[in-house]
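Below you'll find the structure, written out as structure tokens, and then a few comments.
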Amino acid sequence: MTALEARSLTRRFGRFTAVDAVDLRVDRGEIVGLLGANGAGKTTLMRMVLGLLEPTSGSVALFGSPPSRATRLRIGYLPQNLGLYRDLTVAENLRFAAGVYGVTPAEAPPGTAATLVGDLSLGMQRRVAFAVALQHSPDLLVLDEPTSGVAPLARARLWERIRAAAGDGAAVLVSTHAMDEARQTDRLVLMHLGRVVGTGTEHEVVGNASAVVVRARRWADTFAALEAAEIPASLSGDALRVAGADADGVAAVLADAGIDARVETVPATLEEAMVLAGSRS
Amino acid sequence: MTWGVRDLTVDYGAARALDGVTVAAPAGEVTVVVGGDGAGKSTLLRVLAGIPVPHRGEVSRPDPRRIAFVPTGSGTIQDLTVAENLDFVARAYRLRHWRERADRLLERTDLASFRDRLGRELSGGMRQKLGVIMGMLPSPDLIVLDEPTTGVDPVSRSEVWRLLAAAAGEQAALLVASTYLDEAERASTVVVLHRGRVLLSGTPAQVSSSLAGSIVDVDRPSDPSLAWPRGARWREWRPGGDPGGVRPDLEDVVIAASLAVEEGPS
């Protein structure tokens, strides 16, 4: 069942088109990741989905209806800044949000009920924000970089909660810059300059994109030779990677510079594929 | 030359921020320190950068004029333009003949077209790139960067990393804090901090293969306390080993090692 469906969704600010004819669908039980550089239109898209911003053209349907107060009650939203009241206690934050949604407040994490949110560690604030976003059992969860700055184990535990919400039938839309977070989703939507430029699993989004791995005895000389030829290389342990390059071209540049190197074409990483998608269009 | 700390302990009142931490930052290499909020990354960086922090243990760092510290949020000055920020660094370090180097560094990024833009009008990614360039400008022996890519989009992040590679190529020692494990794959050495202690360290390949036991990929975990989601499936750590295991990546290994500390193998 479809929770969110956007059709040809467009938003202009003056002459600037922030979101350009985007089609997006998120089904119940599905976790969709929204990827893209700053300025790609992710935040504008999410604001339209939440009903905070009117589209210039196109439509958003939530559970089959246009965004309204009734559909908003079925959405859980975790903004990037967490959206908590720092000068209220954890219990008060939960009670306030529960009152807005007309539900019974969730339990505070152990030992935190009477603590001001502003006095908690960032990790604990994030757990509270999750509790606030989830306590009314939303049918659509919208999460903006939900685990930014969180240690790997704590992040895994937060993803367990997101996965459990999806298992209970929630549709989940997650915006992220973290590649390991993108890997937790069922499907990715890659945006660039307001448009959707790729969609599918990580494997599908990467598609045929490739990178060249260069191994040489002294990577610094190799890096300098590539930079001199305006080939942007990045470091990968003691090797170098060049996204989207042609192995023969790279080998020729290095041979000209008198550098003995092993050059090999490998599949691009998700991040490299994103950079390439940006430079292609 | 290798800079670093040995057996470093830092207390903030009753709270121990770092507990016997040893980290080396060799010249010409990128050492990445990963960990979440409160792991102790910033404290470690501040000590190595020479910011006064009461501590115990040995610290080896260059002369203060040969160190650059790029704090969280980039350390750029909001009310100065890109060009003025660089001028400020040049004056602080009393550099001569620096303009050509500044131009070359700017040309590696999209900042070259925004020399007259104020710091506060830059995007987060551009501000971080400027912060890294400001750190590189004096050609220091040691550059300490606190989360230069947190919240930065992948395109700007790859430009930041291109600058970091260039700095290491110039034989600076780089110590970079990050919350992204995929960035640790780029490092010569990765140090995983957890609650003020070194949980794991080594080359990315050494860390990935350092796990006791094995990681299995399952539909449904048999012991949820030792499992974590990976997409719609689960990864589970079997401390006693299991022949059906998958080849663990850094994320798997760091989570399993954190579990060993937090919950102990059952």
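By order in the structure tokens, chains are A, B, ...; within a chain, residues start at 1; ligands start at 1, following the order shown.
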
*Enumerate as a VMD selection string the residues belonging to chain A that approach chain B to within 8 Å, with only C-alpha atoms taken into account.*
chain A and resid 36 to 38 121 to 123 148 to 153 156 to 157 159 to 160 163 177 to 180 183 to 186 219 to 221 223 to 224 232 to 238 271 274 to 275 278

Limited to N, CA and C atoms, could you put the picked residues into a file as a compact mmCIF listing (two decimals), in the first residue's frame?
# COMPACT_ATOMS: atom_id res chain seq x y z
N GLY A 36 21.77 13.06 -2.07
CA GLY A 36 22.09 14.14 -3.00
C GLY A 36 22.92 15.18 -2.30
N ALA A 37 23.64 15.97 -3.08
CA ALA A 37 24.48 17.03 -2.53
C ALA A 37 23.58 18.11 -1.92
N ASN A 38 24.18 18.99 -1.13
CA ASN A 38 23.44 20.15 -0.66
C ASN A 38 22.97 20.93 -1.88
N SER A 121 23.39 14.30 26.83
CA SER A 121 24.38 14.14 25.76
C SER A 121 23.64 14.14 24.42
N LEU A 122 24.38 14.45 23.35
CA LEU A 122 23.75 14.47 22.03
C LEU A 122 23.16 13.11 21.67
N GLY A 123 23.87 12.04 22.05
CA GLY A 123 23.39 10.70 21.76
C GLY A 123 22.05 10.43 22.44
N SER A 148 23.27 11.11 12.33
CA SER A 148 24.48 11.90 12.13
C SER A 148 25.24 12.05 13.45
N GLY A 149 26.53 11.74 13.45
CA GLY A 149 27.35 11.93 14.65
C GLY A 149 27.23 10.83 15.69
N VAL A 150 26.53 9.75 15.38
CA VAL A 150 26.30 8.69 16.36
C VAL A 150 27.32 7.57 16.13
N ALA A 151 27.82 6.98 17.21
CA ALA A 151 28.79 5.89 17.12
C ALA A 151 28.15 4.67 16.45
N PRO A 152 28.98 3.83 15.81
CA PRO A 152 28.43 2.72 15.01
C PRO A 152 27.44 1.82 15.74
N LEU A 153 27.75 1.42 16.99
CA LEU A 153 26.83 0.51 17.68
C LEU A 153 25.51 1.23 18.01
N ALA A 156 23.49 1.48 14.95
CA ALA A 156 22.85 0.21 14.61
C ALA A 156 21.58 0.03 15.44
N ARG A 157 21.64 0.44 16.73
CA ARG A 157 20.46 0.28 17.59
C ARG A 157 19.34 1.21 17.14
N TRP A 159 18.87 2.14 14.04
CA TRP A 159 18.35 1.54 12.81
C TRP A 159 17.46 0.34 13.09
N GLU A 160 17.73 -0.34 14.20
CA GLU A 160 16.81 -1.42 14.59
C GLU A 160 15.41 -0.87 14.80
N ARG A 163 13.88 0.00 11.43
CA ARG A 163 13.51 -1.25 10.77
C ARG A 163 12.25 -1.85 11.40
N HIS A 177 23.53 11.79 4.25
CA HIS A 177 24.82 11.95 3.56
C HIS A 177 25.73 10.78 3.87
N ALA A 178 25.33 9.92 4.80
CA ALA A 178 26.22 8.85 5.25
C ALA A 178 25.97 7.60 4.43
N MET A 179 27.05 7.08 3.84
CA MET A 179 26.88 5.94 2.94
C MET A 179 26.46 4.68 3.67
N ASP A 180 26.93 4.51 4.94
CA ASP A 180 26.52 3.29 5.65
C ASP A 180 25.04 3.38 6.04
N ARG A 183 23.01 2.39 3.02
CA ARG A 183 23.03 0.93 2.89
C ARG A 183 21.93 0.25 3.71
N GLN A 184 21.39 0.96 4.69
CA GLN A 184 20.33 0.37 5.54
C GLN A 184 18.96 0.43 4.87
N THR A 185 18.84 1.17 3.78
CA THR A 185 17.52 1.37 3.17
C THR A 185 17.21 0.26 2.18
N ASP A 186 15.94 0.20 1.76
CA ASP A 186 15.55 -0.79 0.76
C ASP A 186 15.76 -0.27 -0.66
N TRP A 219 52.77 6.65 -3.21
CA TRP A 219 51.51 7.21 -3.68
C TRP A 219 51.58 8.72 -3.86
N ALA A 220 52.45 9.39 -3.06
CA ALA A 220 52.49 10.85 -3.12
C ALA A 220 52.96 11.32 -4.51
N ASP A 221 53.97 10.66 -5.08
CA ASP A 221 54.44 11.03 -6.42
C ASP A 221 53.35 10.76 -7.45
N PHE A 223 50.14 10.67 -6.92
CA PHE A 223 49.08 11.66 -6.73
C PHE A 223 49.47 12.97 -7.42
N ALA A 224 50.71 13.39 -7.22
CA ALA A 224 51.17 14.66 -7.81
C ALA A 224 51.12 14.58 -9.34
N PRO A 232 41.51 14.08 -10.92
CA PRO A 232 41.28 14.15 -9.47
C PRO A 232 41.32 12.76 -8.83
N ALA A 233 42.34 12.53 -8.02
CA ALA A 233 42.47 11.23 -7.36
C ALA A 233 42.14 11.36 -5.89
N SER A 234 41.70 10.26 -5.30
CA SER A 234 41.48 10.29 -3.85
C SER A 234 42.26 9.13 -3.23
N LEU A 235 42.52 9.30 -1.95
CA LEU A 235 43.34 8.36 -1.23
C LEU A 235 42.48 7.20 -0.74
N SER A 236 43.00 6.00 -0.80
CA SER A 236 42.28 4.83 -0.29
C SER A 236 43.31 3.91 0.35
N GLY A 237 43.55 4.11 1.64
CA GLY A 237 44.63 3.38 2.30
C GLY A 237 45.94 3.77 1.67
N ASP A 238 46.70 2.80 1.12
CA ASP A 238 47.96 3.15 0.46
C ASP A 238 47.81 3.14 -1.06
N GLU A 271 29.44 6.47 -3.11
CA GLU A 271 29.81 7.89 -3.06
C GLU A 271 30.42 8.35 -4.38
N MET A 274 27.75 8.85 -6.87
CA MET A 274 27.03 10.11 -6.66
C MET A 274 27.79 11.28 -7.24
N VAL A 275 29.10 11.31 -7.02
CA VAL A 275 29.91 12.40 -7.55
C VAL A 275 29.85 12.39 -9.08
N GLY A 278 26.60 13.66 -10.45
CA GLY A 278 26.57 15.11 -10.38
C GLY A 278 27.34 15.76 -11.52

*Any chance you could list, as a list of chain:residue names, the residues in range 19-74 of chain A that come up strand (DSSP E or B) when DSSP is run on the backbone?*
A:Val19, A:Asp20, A:Ala21, A:Val22, A:Asp23, A:Leu24, A:Arg25, A:Val26, A:Asp27, A:Ile31, A:Val32, A:Gly33, A:Leu34, A:Leu35, A:Ser57, A:Gly58, A:Ser59, A:Val60, A:Ala61, A:Leu62, A:Ser65

*Selected residue, from B:Leu137, B:Asp87, B:Ser208, B:Leu130, that lies nearest to Arg101 in chain B when counting only C-alpha atoms*: B:Leu137

*asked:* Env of Ala251 in chain A: 9 Å cut, atoms = only C-alpha atoms, seq-sep filter 5 positions within chain, self excluded. Answer as a PyMOL selection string.
replied: chain A and resi 214+246+256+261-263

*asked:* Please extract the residues of range 54-123 of chain A with a backbone DSSP assignment of helix (DSSP H, G or I) and present them as a list in words.
replied: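 DSSP-assigned helix (DSSP H, G or I) residues in range 54-123 of chain A: Arg69, Ala70, Thr71, Arg72, Val90, Ala91, Glu92, Asn93, Leu94, Arg95, Phe96, Ala97, Ala98, Gly99, Val100, Tyr101, Val117, Gly118, Asp119, Leu122 and Gly123 of chain A.
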
*asked:* Which residue is closest to Val205 in chain A? Choose from A:Pro146, A:Gly41, A:Gly111, A:Pro267 and count only C-alpha atoms.
replied: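 Under the stated criterion, the closest residue is A:Pro267.
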
_Polymer residues at most 12 Å from Leu106 in chain B, only C-alpha atoms, same-chain spacing of 3 or more positions, as a list in words_ =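 Once the nearby chain positions are removed, what remains is Val82, Ala83, Leu86, Arg99, Glu100, Arg101, Ala102, Asp103, Thr109, Asp110, Leu111, Ala112, Ser113, Phe114, Arg115, Met126, Lys129, Leu130, Gly131, Val132, Ile133, Met134, Met136, Leu137, Glu159, Val160 and Leu163 of chain B.
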
Dump C-alpha atoms for the selected residues as a short mmCIF file (atom, residue, chain, number, x, y, z; two decimals), in the first residue's frame?
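Contents of result14.cif, freshly written:
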data_model
loop_
_atom_site.label_atom_id
_atom_site.label_comp_id
_atom_site.auth_asym_id
_atom_site.auth_seq_id
_atom_site.Cartn_x
_atom_site.Cartn_y
_atom_site.Cartn_z
CA VAL B 82 37.33 33.89 1.51
CA ALA B 83 40.35 35.99 0.49
CA LEU B 86 43.38 33.38 3.91
CA ARG B 99 49.39 34.17 -2.54
CA GLU B 100 50.41 31.82 -5.31
CA ARG B 101 50.01 28.82 -3.03
CA ALA B 102 46.61 30.10 -1.86
CA ASP B 103 45.50 30.45 -5.49
CA THR B 109 37.89 23.51 -5.42
CA ASP B 110 34.91 25.59 -6.46
CA LEU B 111 36.03 28.32 -4.03
CA ALA B 112 38.20 29.97 -6.68
CA SER B 113 35.10 31.73 -8.05
CA PHE B 114 33.99 32.96 -4.62
CA ARG B 115 37.02 34.83 -3.29
CA MET B 126 32.50 25.30 0.96
CA LYS B 129 36.97 23.29 2.17
CA LEU B 130 38.09 26.82 3.08
CA GLY B 131 38.95 25.61 6.60
CA VAL B 132 41.13 22.84 5.18
CA ILE B 133 42.85 25.25 2.77
CA MET B 134 43.51 27.66 5.67
CA MET B 136 47.25 23.79 4.58
CA LEU B 137 48.35 27.34 3.69
CA GLU B 159 36.92 17.58 -2.65
CA VAL B 160 37.89 17.81 1.03
CA LEU B 163 42.84 18.41 -0.41
#

*asked:* Report as a PyMOL selection string all protein, DNA and RNA residues lying within 7 Å of range 62-73 of chain A, evaluated on only C-alpha atoms, omitting residues in the same chain fewer than 4 positions from it.
replied: chain A and resi 2-5+51+101

Same residues, C-alpha atoms, saved as a short mmCIF file (atom, residue, chain, number, x, y, z; two decimals), in the first residue's frame:
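In the end it all went to result-v7.cif:
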data_model
loop_
_atom_site.label_atom_id
_atom_site.label_comp_id
_atom_site.auth_asym_id
_atom_site.auth_seq_id
_atom_site.Cartn_x
_atom_site.Cartn_y
_atom_site.Cartn_z
CA THR A 2 1.32 3.42 -0.93
CA ALA A 3 1.79 5.92 1.89
CA LEU A 4 3.39 8.70 -0.10
CA GLU A 5 3.10 9.48 -3.76
CA GLY A 51 2.79 19.89 3.95
CA TYR A 101 -1.12 13.77 18.50
#

*Of the candidates A:Leu226, A:Ala108, A:Val128, A:Leu34, which shows the shortest atom-to-atom distance to Ala182 in chain A, using only C-alpha atoms?*
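Selected residue with least distance to Ala182 in chain A: A:Leu34.
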
_Residues near Val266 in chain A, anyone? I mean within 8 Å using only C-alpha atoms, not counting same-chain ones fewer than 2 positions away, as number ranges by chain._
A: 210-213, 264, 268

Could those residues be written to a file, using N, CA and C atoms, as a PDB file, in the first residue's frame?
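Now in out01.pdb:
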ATOM      1  N   SER A 210      32.366   3.132 -12.682  1.00  0.00           N
ATOM      2  CA  SER A 210      33.582   2.439 -12.273  1.00  0.00           C
ATOM      3  C   SER A 210      34.614   3.437 -11.757  1.00  0.00           C
ATOM      4  N   ALA A 211      35.623   2.889 -11.139  1.00  0.00           N
ATOM      5  CA  ALA A 211      36.744   3.703 -10.675  1.00  0.00           C
ATOM      6  C   ALA A 211      38.027   2.975 -11.042  1.00  0.00           C
ATOM      7  N   VAL A 212      39.103   3.739 -11.129  1.00  0.00           N
ATOM      8  CA  VAL A 212      40.409   3.138 -11.401  1.00  0.00           C
ATOM      9  C   VAL A 212      41.213   3.165 -10.110  1.00  0.00           C
ATOM     10  N   VAL A 213      41.720   1.998  -9.715  1.00  0.00           N
ATOM     11  CA  VAL A 213      42.585   1.925  -8.533  1.00  0.00           C
ATOM     12  C   VAL A 213      44.034   1.907  -9.003  1.00  0.00           C
ATOM     13  N   GLU A 264      44.007  -0.664 -12.226  1.00  0.00           N
ATOM     14  CA  GLU A 264      42.965  -1.681 -12.320  1.00  0.00           C
ATOM     15  C   GLU A 264      41.590  -0.993 -12.262  1.00  0.00           C
ATOM     16  N   ALA A 268      32.590   1.363  -9.001  1.00  0.00           N
ATOM     17  CA  ALA A 268      32.621   2.578  -8.181  1.00  0.00           C
ATOM     18  C   ALA A 268      31.924   2.315  -6.854  1.00  0.00           C
TER      19      ALA A 268
END

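Going from CA of Gln135 in chain A to CA of Ala98 in chain A covers 7.2 Å.
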
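Counting only C-alpha atoms, the residue from B:Pro248, B:Pro71, B:Pro138, B:Gly196 that sits nearest to His97 in chain B is B:Pro138.
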
*Hey, can you check how far CA of Arg86 in chain A sits from CA of Phe130 in chain A?*
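A separation of 15.0 Å between them.
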